[in-house]
Amino acid sequence: MKPITITLTIILIGLTCQSQELANPKKIRFKDNYEHKYTNTEFPEIFLDGFELTEVHAFDKKKKNIAISYKKDTEPVGEFTIYIYPAGEATENRLRNEYLSSMQSAANFTEKGLGATQYPVKYNGNKIVCNGFKADFKSKKDVNSSLSVYECGTWFFKLRFTTEENDSMQIAKIENSILEKFDPSLLAEQKKLNKKANVYFSKTAFRDSILLGAAMGSAYKKIEWVMEQIPEKEKASGFPGHYLEMQIASFKEFIAFDKKYNYKKSEFTQNYLNELNVLIESDFLDEYIMEQFSMVMIVPEEHEFNFDNYEKWKTKNNPTINLNQIFYVIEFGQKE
């Protein structure tokens, strides 16, 4: 997937993530090293040629939700902060929501929005693969910054990195060293997720039998796709709802139930299905999905979009369907 440039100036609402942005973080005293006992993650006093452990903050009383900051004062100056915090249930949208929420927090510190190049990332651990999303941007003139969020089973791992280094290969080397040292995949090994997916249907899905049947078909198509296409090592970090191919398959399955049974349906259901059909028949479902999901998706390398013609089509057709409408929630639950 080609990197996508975005500008975040919007206010994100309705996100159900486990955000670490609390009002009054508490500074934790430490001597030399610091260990996060819940994940057995050790943070040394000195790391990677000059980065010194400077601050540790907790965002909850139990100190599960923490931020560890390192700073390098020698040239090129740089700093990074690692956030480790509970991720809640492994629902299909939690990674996207948490990434967007984190990007919004970063954008709040700028006056003109945050111009960023974003793309999906993976951390391949020995036992588990962690999916994530990353954004590269300029925090100020001549200062390169990045923000990445990884889904790690029952935990989130977030890395905020800033440096005056301008060599992109050297920046990547430092970031890779940070990830290798603090290994997000080890967080996913702390508590295993159930291998079977749970599905919970919302009250909205019960408007009529067609909508309920369509929602059930859509949900089970996602589960089928994940079980067939995603390796066990990757499913261990969370339900991967951010694959474009999976979303396309699920929306096409959504309309299949109506075509098969054609029962009486509510006006809401009829309008939803009509718009979804138009998107599919116009061959712009993938562009609409990308737009509705803020471009935060994993897309096959060979996939081609036609956003220019899509924008022209959208101007004439004015689609209003909300693909973020919640008819159901899929999750990999936590093992007892």
# chains A, B, ... in the order shown; residues from 1 in each chain; ligands from 1

$ closest_atom_pairs --of "range 92-141 of chain A" --to "range 243-247 of chain A" --cutoff "12 Å" --atoms "only C-alpha atoms" --output "JSON lines"
{"residue": "A:Glu92", "atom": "CA", "partner": "A:Tyr243", "partner_atom": "CA", "distance": 10.2}
{"residue": "A:Asn93", "atom": "CA", "partner": "A:Tyr243", "partner_atom": "CA", "distance": 10.8}
{"residue": "A:Leu95", "atom": "CA", "partner": "A:Tyr243", "partner_atom": "CA", "distance": 11.8}
{"residue": "A:Arg96", "atom": "CA", "partner": "A:Tyr243", "partner_atom": "CA", "distance": 11.0}
{"residue": "A:Pro120", "atom": "CA", "partner": "A:Tyr243", "partner_atom": "CA", "distance": 10.2}
{"residue": "A:Asn131", "atom": "CA", "partner": "A:Tyr243", "partner_atom": "CA", "distance": 10.8}
{"residue": "A:Gly132", "atom": "CA", "partner": "A:Tyr243", "partner_atom": "CA", "distance": 11.9}

$ write_last_selection --atoms "C-alpha atoms" --output "mmCIF file, in the first residue's frame"
data_model
loop_
_atom_site.group_PDB
_atom_site.id
_atom_site.type_symbol
_atom_site.label_atom_id
_atom_site.label_comp_id
_atom_site.auth_asym_id
_atom_site.auth_seq_id
_atom_site.Cartn_x
_atom_site.Cartn_y
_atom_site.Cartn_z
ATOM 1 C CA GLU A 92 -12.280 -5.406 15.269
ATOM 2 C CA ASN A 93 -12.055 -1.595 15.254
ATOM 3 C CA LEU A 95 -6.645 -0.505 16.647
ATOM 4 C CA ARG A 96 -8.003 1.982 14.097
ATOM 5 C CA PRO A 120 0.191 0.130 8.214
ATOM 6 C CA ASN A 131 -0.403 -5.067 13.631
ATOM 7 C CA GLY A 132 -0.057 -1.323 13.861
#

$ residues_around --residues "Pro25 in chain A" --least-positions-apart "4" --cutoff "8 Å" --atoms "only C-alpha atoms" --output "PyMOL selection string"
chain A and resi 57-60

$ closest_residue --among "A:Ala214, A:Ile280, A:Ala197, A:Val143" --to "Thr163 in chain A" --atoms "only C-alpha atoms"
A:Val143

$ closest_residue --among "A:Leu193, A:Val77, A:Leu53, A:Met169" --to "Asp142 in chain A" --atoms "only C-alpha atoms"
A:Val77

$ closest_residue --among "A:Lys233, A:Lys63, A:Lys196, A:Lys265" --to "Gly213 in chain A" --atoms "only C-alpha atoms"
A:Lys265

$ residues_around --residues "Leu48 in chain A" --least-positions-apart "2" --cutoff "9 Å" --atoms "only C-alpha atoms" --output "PyMOL selection string"
chain A and resi 46+50-52+174+177-178

$ write_last_selection --atoms "N, CA, C and O atoms" --output "PDB file, in the first residue's frame"
ATOM      1  N   ILE A  46      20.212   3.756  30.541  1.00  0.00           N
ATOM      2  CA  ILE A  46      20.790   4.261  29.296  1.00  0.00           C
ATOM      3  C   ILE A  46      20.459   3.284  28.168  1.00  0.00           C
ATOM      4  O   ILE A  46      20.561   2.069  28.343  1.00  0.00           O
ATOM      5  N   GLY A  50      23.311   6.951  24.171  1.00  0.00           N
ATOM      6  CA  GLY A  50      23.012   8.319  24.574  1.00  0.00           C
ATOM      7  C   GLY A  50      21.594   8.638  24.956  1.00  0.00           C
ATOM      8  O   GLY A  50      21.320   9.731  25.461  1.00  0.00           O
ATOM      9  N   PHE A  51      20.648   7.743  24.719  1.00  0.00           N
ATOM     10  CA  PHE A  51      19.278   7.992  25.164  1.00  0.00           C
ATOM     11  C   PHE A  51      19.176   7.645  26.648  1.00  0.00           C
ATOM     12  O   PHE A  51      19.416   6.518  27.055  1.00  0.00           O
ATOM     13  N   GLU A  52      18.803   8.640  27.448  1.00  0.00           N
ATOM     14  CA  GLU A  52      18.743   8.465  28.901  1.00  0.00           C
ATOM     15  C   GLU A  52      17.298   8.469  29.384  1.00  0.00           C
ATOM     16  O   GLU A  52      16.482   9.300  28.949  1.00  0.00           O
ATOM     17  N   ILE A 174      17.162   3.567  14.274  1.00  0.00           N
ATOM     18  CA  ILE A 174      16.902   3.862  15.688  1.00  0.00           C
ATOM     19  C   ILE A 174      15.530   3.317  16.097  1.00  0.00           C
ATOM     20  O   ILE A 174      15.387   2.673  17.141  1.00  0.00           O
ATOM     21  N   SER A 177      15.577  -0.364  16.466  1.00  0.00           N
ATOM     22  CA  SER A 177      16.277  -0.753  17.694  1.00  0.00           C
ATOM     23  C   SER A 177      15.374  -0.605  18.914  1.00  0.00           C
ATOM     24  O   SER A 177      15.397  -1.441  19.822  1.00  0.00           O
ATOM     25  N   ILE A 178      14.569   0.439  18.929  1.00  0.00           N
ATOM     26  CA  ILE A 178      13.631   0.652  20.037  1.00  0.00           C
ATOM     27  C   ILE A 178      12.617  -0.487  20.087  1.00  0.00           C
ATOM     28  O   ILE A 178      12.346  -1.061  21.151  1.00  0.00           O
TER      29      ILE A 178
END

$ atom_distance --atom1 "CA of Ala256 in chain A" --atom2 "CA of Ser282 in chain A"
16.8 Å

$ residues_around --residues "range 311-324 of chain A" --least-positions-apart "5" --cutoff "8 Å" --atoms "only C-alpha atoms" --output "CSV table (one decimal) with N, CA and C atoms, in the first residue's frame"
chain,number,residue,atom,x,y,z
A,272,TYR,N,-30.5,1.9,3.2
A,272,TYR,CA,-29.1,1.4,3.4
A,272,TYR,C,-28.7,0.5,2.3
A,275,GLU,N,-28.2,2.2,-1.2
A,275,GLU,CA,-27.0,2.9,-1.3
A,275,GLU,C,-25.8,2.0,-1.4
A,276,LEU,N,-25.8,0.9,-0.7
A,276,LEU,CA,-24.7,0.0,-0.7
A,276,LEU,C,-24.6,-0.7,-2.1
A,289,ILE,N,-15.0,2.9,1.3
A,289,ILE,CA,-14.6,2.2,2.5
A,289,ILE,C,-13.3,3.0,3.0
A,292,GLN,N,-14.4,6.4,4.4
A,292,GLN,CA,-15.2,6.2,5.7
A,292,GLN,C,-14.3,5.8,6.9
A,293,PHE,N,-13.3,5.0,6.6
A,293,PHE,CA,-12.4,4.5,7.6
A,293,PHE,C,-11.1,5.3,7.7

$ select_by_dssp --residues "range 71-202 of chain A" --states "alpha helix (DSSP H)" --output "mmCIF file with all heavy atoms, in the first residue's frame"
data_model
loop_
_atom_site.group_PDB
_atom_site.id
_atom_site.type_symbol
_atom_site.label_atom_id
_atom_site.label_comp_id
_atom_site.auth_asym_id
_atom_site.auth_seq_id
_atom_site.Cartn_x
_atom_site.Cartn_y
_atom_site.Cartn_z
ATOM 1 N N ARG A 94 -10.725 -1.619 17.301
ATOM 2 C CA ARG A 94 -10.026 -0.926 18.389
ATOM 3 C C ARG A 94 -8.684 -0.340 17.952
ATOM 4 O O ARG A 94 -8.299 0.735 18.409
ATOM 5 C CB ARG A 94 -9.835 -1.851 19.587
ATOM 6 C CG ARG A 94 -8.853 -2.980 19.381
ATOM 7 C CD ARG A 94 -8.541 -3.716 20.667
ATOM 8 N NE ARG A 94 -7.581 -4.780 20.415
ATOM 9 C CZ ARG A 94 -7.004 -5.502 21.359
ATOM 10 N NH1 ARG A 94 -7.297 -5.289 22.623
ATOM 11 N NH2 ARG A 94 -6.137 -6.452 21.056
ATOM 12 N N LEU A 95 -7.933 -1.027 17.080
ATOM 13 C CA LEU A 95 -6.645 -0.505 16.647
ATOM 14 C C LEU A 95 -6.830 0.777 15.848
ATOM 15 O O LEU A 95 -6.131 1.778 16.080
ATOM 16 C CB LEU A 95 -5.891 -1.542 15.819
ATOM 17 C CG LEU A 95 -4.566 -1.065 15.189
ATOM 18 C CD1 LEU A 95 -3.601 -0.557 16.252
ATOM 19 C CD2 LEU A 95 -3.922 -2.180 14.367
ATOM 20 N N ARG A 96 -7.756 0.781 14.892
ATOM 21 C CA ARG A 96 -8.003 1.982 14.097
ATOM 22 C C ARG A 96 -8.441 3.141 14.996
ATOM 23 O O ARG A 96 -7.956 4.266 14.878
ATOM 24 C CB ARG A 96 -9.084 1.713 13.050
ATOM 25 C CG ARG A 96 -9.405 2.940 12.177
ATOM 26 C CD ARG A 96 -10.586 2.717 11.250
ATOM 27 N NE ARG A 96 -10.379 1.568 10.395
ATOM 28 C CZ ARG A 96 -11.066 0.424 10.516
ATOM 29 N NH1 ARG A 96 -11.978 0.291 11.454
ATOM 30 N NH2 ARG A 96 -10.819 -0.572 9.707
ATOM 31 N N ASN A 97 -9.369 2.853 15.905
ATOM 32 C CA ASN A 97 -9.866 3.903 16.794
ATOM 33 C C ASN A 97 -8.760 4.479 17.670
ATOM 34 O O ASN A 97 -8.674 5.694 17.869
ATOM 35 C CB ASN A 97 -10.990 3.356 17.678
ATOM 36 C CG ASN A 97 -12.264 3.102 16.907
ATOM 37 O OD1 ASN A 97 -12.419 3.556 15.787
ATOM 38 N ND2 ASN A 97 -13.178 2.362 17.511
ATOM 39 N N GLU A 98 -7.919 3.604 18.202
ATOM 40 C CA GLU A 98 -6.850 4.069 19.093
ATOM 41 C C GLU A 98 -5.802 4.870 18.321
ATOM 42 O O GLU A 98 -5.302 5.891 18.807
ATOM 43 C CB GLU A 98 -6.194 2.888 19.803
ATOM 44 C CG GLU A 98 -5.152 3.284 20.828
ATOM 45 C CD GLU A 98 -5.693 4.142 21.945
ATOM 46 O OE1 GLU A 98 -6.906 4.073 22.236
ATOM 47 O OE2 GLU A 98 -4.909 4.912 22.532
ATOM 48 N N TYR A 99 -5.486 4.426 17.127
ATOM 49 C CA TYR A 99 -4.535 5.167 16.294
ATOM 50 C C TYR A 99 -5.075 6.556 15.967
ATOM 51 O O TYR A 99 -4.363 7.569 16.106
ATOM 52 C CB TYR A 99 -4.244 4.381 15.014
ATOM 53 C CG TYR A 99 -3.519 5.189 13.965
ATOM 54 C CD1 TYR A 99 -2.155 5.448 14.077
ATOM 55 C CD2 TYR A 99 -4.208 5.708 12.869
ATOM 56 C CE1 TYR A 99 -1.487 6.207 13.124
ATOM 57 C CE2 TYR A 99 -3.554 6.464 11.913
ATOM 58 C CZ TYR A 99 -2.200 6.716 12.044
ATOM 59 O OH TYR A 99 -1.550 7.472 11.103
ATOM 60 N N LEU A 100 -6.326 6.632 15.536
ATOM 61 C CA LEU A 100 -6.917 7.925 15.190
ATOM 62 C C LEU A 100 -7.019 8.838 16.407
ATOM 63 O O LEU A 100 -6.795 10.050 16.313
ATOM 64 C CB LEU A 100 -8.303 7.718 14.562
ATOM 65 C CG LEU A 100 -8.308 7.110 13.161
ATOM 66 C CD1 LEU A 100 -9.732 6.782 12.736
ATOM 67 C CD2 LEU A 100 -7.655 8.057 12.161
ATOM 68 N N SER A 101 -7.348 8.266 17.544
ATOM 69 C CA SER A 101 -7.409 9.048 18.767
ATOM 70 C C SER A 101 -6.028 9.596 19.136
ATOM 71 O O SER A 101 -5.882 10.763 19.537
ATOM 72 C CB SER A 101 -7.953 8.194 19.919
ATOM 73 O OG SER A 101 -7.990 8.922 21.123
ATOM 74 N N SER A 102 -4.996 8.777 18.967
ATOM 75 C CA SER A 102 -3.634 9.206 19.267
ATOM 76 C C SER A 102 -3.173 10.287 18.296
ATOM 77 O O SER A 102 -2.497 11.246 18.690
ATOM 78 C CB SER A 102 -2.681 8.006 19.208
ATOM 79 O OG SER A 102 -3.004 7.050 20.194
ATOM 80 N N MET A 103 -3.545 10.147 17.030
ATOM 81 C CA MET A 103 -3.199 11.170 16.048
ATOM 82 C C MET A 103 -3.916 12.478 16.348
ATOM 83 O O MET A 103 -3.348 13.565 16.190
ATOM 84 C CB MET A 103 -3.550 10.682 14.640
ATOM 85 C CG MET A 103 -2.581 9.652 14.091
ATOM 86 S SD MET A 103 -0.916 10.318 13.866
ATOM 87 C CE MET A 103 -1.178 11.429 12.484
ATOM 88 N N GLN A 104 -5.149 12.390 16.789
ATOM 89 C CA GLN A 104 -5.868 13.602 17.139
ATOM 90 C C GLN A 104 -5.203 14.311 18.313
ATOM 91 O O GLN A 104 -5.095 15.537 18.338
ATOM 92 C CB GLN A 104 -7.322 13.275 17.495
ATOM 93 C CG GLN A 104 -8.182 14.487 17.792
ATOM 94 C CD GLN A 104 -8.329 15.394 16.586
ATOM 95 O OE1 GLN A 104 -8.945 15.015 15.594
ATOM 96 N NE2 GLN A 104 -7.757 16.582 16.657
ATOM 97 N N SER A 105 -4.735 13.538 19.282
ATOM 98 C CA SER A 105 -4.034 14.126 20.423
ATOM 99 C C SER A 105 -2.787 14.862 19.965
ATOM 100 O O SER A 105 -2.469 15.944 20.461
ATOM 101 C CB SER A 105 -3.650 13.033 21.431
ATOM 102 O OG SER A 105 -4.797 12.452 22.014
ATOM 103 N N ALA A 106 -2.066 14.274 19.001
ATOM 104 C CA ALA A 106 -0.874 14.936 18.465
ATOM 105 C C ALA A 106 -1.255 16.195 17.697
ATOM 106 O O ALA A 106 -0.576 17.231 17.787
ATOM 107 C CB ALA A 106 -0.096 13.978 17.568
ATOM 108 N N ALA A 107 -2.353 16.134 16.942
ATOM 109 C CA ALA A 107 -2.796 17.283 16.155
ATOM 110 C C ALA A 107 -3.261 18.427 17.036
ATOM 111 O O ALA A 107 -3.183 19.595 16.644
ATOM 112 C CB ALA A 107 -3.918 16.864 15.215
ATOM 113 N N SER A 168 17.095 9.371 6.743
ATOM 114 C CA SER A 168 15.936 8.494 6.921
ATOM 115 C C SER A 168 16.337 7.071 7.294
ATOM 116 O O SER A 168 15.641 6.404 8.067
ATOM 117 C CB SER A 168 15.080 8.469 5.649
ATOM 118 O OG SER A 168 15.844 8.021 4.536
ATOM 119 N N MET A 169 17.466 6.601 6.770
ATOM 120 C CA MET A 169 17.924 5.246 7.091
ATOM 121 C C MET A 169 18.356 5.162 8.553
ATOM 122 O O MET A 169 18.094 4.174 9.237
ATOM 123 C CB MET A 169 19.064 4.841 6.164
ATOM 124 C CG MET A 169 18.662 4.673 4.709
ATOM 125 S SD MET A 169 19.997 4.059 3.652
ATOM 126 C CE MET A 169 20.272 2.430 4.344
ATOM 127 N N GLN A 170 18.999 6.215 9.040
ATOM 128 C CA GLN A 170 19.421 6.238 10.431
ATOM 129 C C GLN A 170 18.219 6.342 11.363
ATOM 130 O O GLN A 170 18.177 5.707 12.421
ATOM 131 C CB GLN A 170 20.375 7.411 10.666
ATOM 132 C CG GLN A 170 20.957 7.474 12.073
ATOM 133 C CD GLN A 170 21.819 6.271 12.425
ATOM 134 O OE1 GLN A 170 22.345 5.590 11.536
ATOM 135 N NE2 GLN A 170 21.963 5.989 13.702
ATOM 136 N N ILE A 171 17.206 7.115 10.959
ATOM 137 C CA ILE A 171 15.976 7.227 11.757
ATOM 138 C C ILE A 171 15.304 5.863 11.864
ATOM 139 O O ILE A 171 14.892 5.441 12.944
ATOM 140 C CB ILE A 171 15.021 8.253 11.127
ATOM 141 C CG1 ILE A 171 15.607 9.664 11.246
ATOM 142 C CG2 ILE A 171 13.654 8.202 11.807
ATOM 143 C CD1 ILE A 171 14.802 10.724 10.522
ATOM 144 N N ALA A 172 15.201 5.168 10.732
ATOM 145 C CA ALA A 172 14.584 3.843 10.722
ATOM 146 C C ALA A 172 15.374 2.865 11.591
ATOM 147 O O ALA A 172 14.789 2.030 12.295
ATOM 148 C CB ALA A 172 14.487 3.316 9.298
ATOM 149 N N LYS A 173 16.682 2.977 11.557
ATOM 150 C CA LYS A 173 17.538 2.099 12.366
ATOM 151 C C LYS A 173 17.281 2.294 13.859
ATOM 152 O O LYS A 173 17.189 1.333 14.627
ATOM 153 C CB LYS A 173 19.003 2.361 12.038
ATOM 154 C CG LYS A 173 19.984 1.458 12.779
ATOM 155 C CD LYS A 173 21.429 1.768 12.372
ATOM 156 C CE LYS A 173 22.405 0.886 13.149
ATOM 157 N NZ LYS A 173 23.817 1.193 12.777
ATOM 158 N N ILE A 174 17.162 3.567 14.274
ATOM 159 C CA ILE A 174 16.902 3.862 15.688
ATOM 160 C C ILE A 174 15.530 3.317 16.097
ATOM 161 O O ILE A 174 15.387 2.673 17.141
ATOM 162 C CB ILE A 174 16.971 5.374 15.948
ATOM 163 C CG1 ILE A 174 18.388 5.891 15.699
ATOM 164 C CG2 ILE A 174 16.532 5.689 17.380
ATOM 165 C CD1 ILE A 174 18.499 7.408 15.737
ATOM 166 N N GLU A 175 14.531 3.557 15.264
ATOM 167 C CA GLU A 175 13.185 3.088 15.580
ATOM 168 C C GLU A 175 13.135 1.564 15.662
ATOM 169 O O GLU A 175 12.485 1.002 16.556
ATOM 170 C CB GLU A 175 12.185 3.597 14.544
ATOM 171 C CG GLU A 175 11.926 5.087 14.637
ATOM 172 C CD GLU A 175 10.891 5.571 13.650
ATOM 173 O OE1 GLU A 175 10.998 5.179 12.462
ATOM 174 O OE2 GLU A 175 10.008 6.322 14.036
ATOM 175 N N ASN A 176 13.805 0.904 14.746
ATOM 176 C CA ASN A 176 13.844 -0.559 14.777
ATOM 177 C C ASN A 176 14.534 -1.064 16.046
ATOM 178 O O ASN A 176 14.122 -2.069 16.635
ATOM 179 C CB ASN A 176 14.558 -1.100 13.535
ATOM 180 C CG ASN A 176 13.742 -0.944 12.273
ATOM 181 O OD1 ASN A 176 12.514 -0.865 12.333
ATOM 182 N ND2 ASN A 176 14.395 -0.887 11.140
ATOM 183 N N SER A 177 15.577 -0.364 16.466
ATOM 184 C CA SER A 177 16.277 -0.753 17.694
ATOM 185 C C SER A 177 15.374 -0.605 18.914
ATOM 186 O O SER A 177 15.397 -1.441 19.822
ATOM 187 C CB SER A 177 17.538 0.102 17.879
ATOM 188 O OG SER A 177 18.469 -0.127 16.844
ATOM 189 N N ILE A 178 14.569 0.439 18.929
ATOM 190 C CA ILE A 178 13.631 0.652 20.037
ATOM 191 C C ILE A 178 12.617 -0.487 20.087
ATOM 192 O O ILE A 178 12.346 -1.061 21.151
ATOM 193 C CB ILE A 178 12.913 2.005 19.883
ATOM 194 C CG1 ILE A 178 13.910 3.161 20.033
ATOM 195 C CG2 ILE A 178 11.797 2.139 20.928
ATOM 196 C CD1 ILE A 178 13.328 4.517 19.671
ATOM 197 N N LEU A 179 12.071 -0.835 18.927
ATOM 198 C CA LEU A 179 11.061 -1.899 18.875
ATOM 199 C C LEU A 179 11.669 -3.251 19.251
ATOM 200 O O LEU A 179 11.042 -4.044 19.953
ATOM 201 C CB LEU A 179 10.448 -1.962 17.481
ATOM 202 C CG LEU A 179 9.563 -0.776 17.082
ATOM 203 C CD1 LEU A 179 9.153 -0.876 15.617
ATOM 204 C CD2 LEU A 179 8.323 -0.704 17.960
ATOM 205 N N GLU A 180 12.872 -3.512 18.787
ATOM 206 C CA GLU A 180 13.522 -4.786 19.111
ATOM 207 C C GLU A 180 13.819 -4.892 20.606
ATOM 208 O O GLU A 180 13.694 -5.960 21.203
ATOM 209 C CB GLU A 180 14.804 -4.942 18.300
ATOM 210 C CG GLU A 180 14.553 -5.203 16.819
ATOM 211 C CD GLU A 180 15.839 -5.212 16.015
ATOM 212 O OE1 GLU A 180 16.926 -5.091 16.629
ATOM 213 O OE2 GLU A 180 15.763 -5.329 14.775
ATOM 214 N N LYS A 181 14.191 -3.774 21.205
ATOM 215 C CA LYS A 181 14.525 -3.789 22.629
ATOM 216 C C LYS A 181 13.283 -3.993 23.488
ATOM 217 O O LYS A 181 13.286 -4.791 24.433
ATOM 218 C CB LYS A 181 15.217 -2.471 22.999
ATOM 219 C CG LYS A 181 15.459 -2.270 24.499
ATOM 220 C CD LYS A 181 16.383 -3.330 25.073
ATOM 221 C CE LYS A 181 16.622 -3.105 26.553
ATOM 222 N NZ LYS A 181 17.495 -4.153 27.146
ATOM 223 N N PHE A 182 12.214 -3.286 23.165
ATOM 224 C CA PHE A 182 11.032 -3.312 24.021
ATOM 225 C C PHE A 182 9.908 -4.200 23.470
ATOM 226 O O PHE A 182 8.869 -4.344 24.116
ATOM 227 C CB PHE A 182 10.551 -1.886 24.275
ATOM 228 C CG PHE A 182 11.610 -1.019 24.910
ATOM 229 C CD1 PHE A 182 12.232 -0.010 24.193
ATOM 230 C CD2 PHE A 182 12.019 -1.257 26.211
ATOM 231 C CE1 PHE A 182 13.236 0.772 24.768
ATOM 232 C CE2 PHE A 182 13.024 -0.481 26.800
ATOM 233 C CZ PHE A 182 13.629 0.532 26.082
ATOM 234 N N PRO A 184 7.022 -5.237 21.203
ATOM 235 C CA PRO A 184 5.573 -5.227 21.422
ATOM 236 C C PRO A 184 4.945 -6.615 21.466
ATOM 237 O O PRO A 184 3.948 -6.826 22.171
ATOM 238 C CB PRO A 184 5.048 -4.443 20.208
ATOM 239 C CG PRO A 184 6.198 -3.617 19.760
ATOM 240 C CD PRO A 184 7.424 -4.432 20.039
ATOM 241 N N SER A 185 5.523 -7.579 20.741
ATOM 242 C CA SER A 185 4.925 -8.913 20.695
ATOM 243 C C SER A 185 4.938 -9.609 22.046
ATOM 244 O O SER A 185 4.100 -10.473 22.327
ATOM 245 C CB SER A 185 5.631 -9.781 19.654
ATOM 246 O OG SER A 185 6.922 -10.168 20.090
ATOM 247 N N LEU A 186 5.911 -9.235 22.906
ATOM 248 C CA LEU A 186 5.974 -9.851 24.237
ATOM 249 C C LEU A 186 4.780 -9.440 25.091
ATOM 250 O O LEU A 186 4.374 -10.178 25.994
ATOM 251 C CB LEU A 186 7.279 -9.475 24.931
ATOM 252 C CG LEU A 186 8.568 -9.992 24.286
ATOM 253 C CD1 LEU A 186 9.779 -9.555 25.085
ATOM 254 C CD2 LEU A 186 8.535 -11.514 24.149
ATOM 255 N N LEU A 187 4.207 -8.275 24.810
ATOM 256 C CA LEU A 187 3.004 -7.850 25.538
ATOM 257 C C LEU A 187 1.830 -8.775 25.237
ATOM 258 O O LEU A 187 1.026 -9.078 26.111
ATOM 259 C CB LEU A 187 2.633 -6.412 25.156
ATOM 260 C CG LEU A 187 3.685 -5.326 25.366
ATOM 261 C CD1 LEU A 187 3.114 -3.965 24.979
ATOM 262 C CD2 LEU A 187 4.176 -5.301 26.806
ATOM 263 N N ALA A 188 1.764 -9.209 23.977
ATOM 264 C CA ALA A 188 0.664 -10.085 23.573
ATOM 265 C C ALA A 188 0.768 -11.475 24.185
ATOM 266 O O ALA A 188 -0.208 -12.217 24.234
ATOM 267 C CB ALA A 188 0.613 -10.194 22.048
#

$ atom_distance --atom1 "CA of Thr204 in chain A" --atom2 "CA of Met216 in chain A"
12.5 Å

$ residues_around --residues "Ser69 in chain A" --least-positions-apart "6" --cutoff "9 Å" --atoms "only C-alpha atoms" --output "list in words"
Glu52, Leu53, Thr54, Glu55, Val56, His57, Glu79, Phe80, Thr81, Ile82 and Tyr83 of chain A

$ residues_around --residues "Phe327 in chain A" --least-positions-apart "5" --cutoff "7 Å" --atoms "only C-alpha atoms" --output "mmCIF file with C-alpha atoms, in the first residue's frame"
data_model
loop_
_atom_site.group_PDB
_atom_site.id
_atom_site.type_symbol
_atom_site.label_atom_id
_atom_site.label_comp_id
_atom_site.auth_asym_id
_atom_site.auth_seq_id
_atom_site.Cartn_x
_atom_site.Cartn_y
_atom_site.Cartn_z
ATOM 1 C CA PHE A 201 -25.506 -7.603 17.677
ATOM 2 C CA SER A 202 -26.754 -4.085 18.400
ATOM 3 C CA THR A 204 -30.204 -1.328 15.482
ATOM 4 C CA ALA A 205 -29.723 -4.689 13.766
ATOM 5 C CA ALA A 215 -25.792 -8.138 9.642
#

$ residues_around --residues "Thr162 in chain A" --least-positions-apart "6" --cutoff "6 Å" --atoms "only C-alpha atoms" --output "VMD selection string"
chain A and resid 78 to 79 144 to 145

$ write_last_selection --atoms "N, CA and C atoms" --output "mmCIF file, in the first residue's frame"
data_model
loop_
_atom_site.group_PDB
_atom_site.id
_atom_site.type_symbol
_atom_site.label_atom_id
_atom_site.label_comp_id
_atom_site.auth_asym_id
_atom_site.auth_seq_id
_atom_site.Cartn_x
_atom_site.Cartn_y
_atom_site.Cartn_z
ATOM 1 N N GLY A 78 17.436 14.084 20.214
ATOM 2 C CA GLY A 78 16.217 13.307 19.976
ATOM 3 C C GLY A 78 15.592 12.839 21.267
ATOM 4 N N GLU A 79 14.360 12.366 21.178
ATOM 5 C CA GLU A 79 13.677 11.813 22.332
ATOM 6 C C GLU A 79 12.571 10.872 21.867
ATOM 7 N N ASN A 144 12.019 15.788 12.721
ATOM 8 C CA ASN A 144 11.227 14.665 12.212
ATOM 9 C C ASN A 144 10.569 13.918 13.363
ATOM 10 N N SER A 145 9.311 13.611 13.184
ATOM 11 C CA SER A 145 8.559 12.921 14.224
ATOM 12 C C SER A 145 7.796 11.752 13.637
#

$ select_by_dssp --residues "range 40-237 of chain A" --states "strand (DSSP E)" --output "ChimeraX atom specification"
/A:41-43,46-47,51-58,66-72,78-86,90-91,114-124,129-140,143-152,155-163,193-201
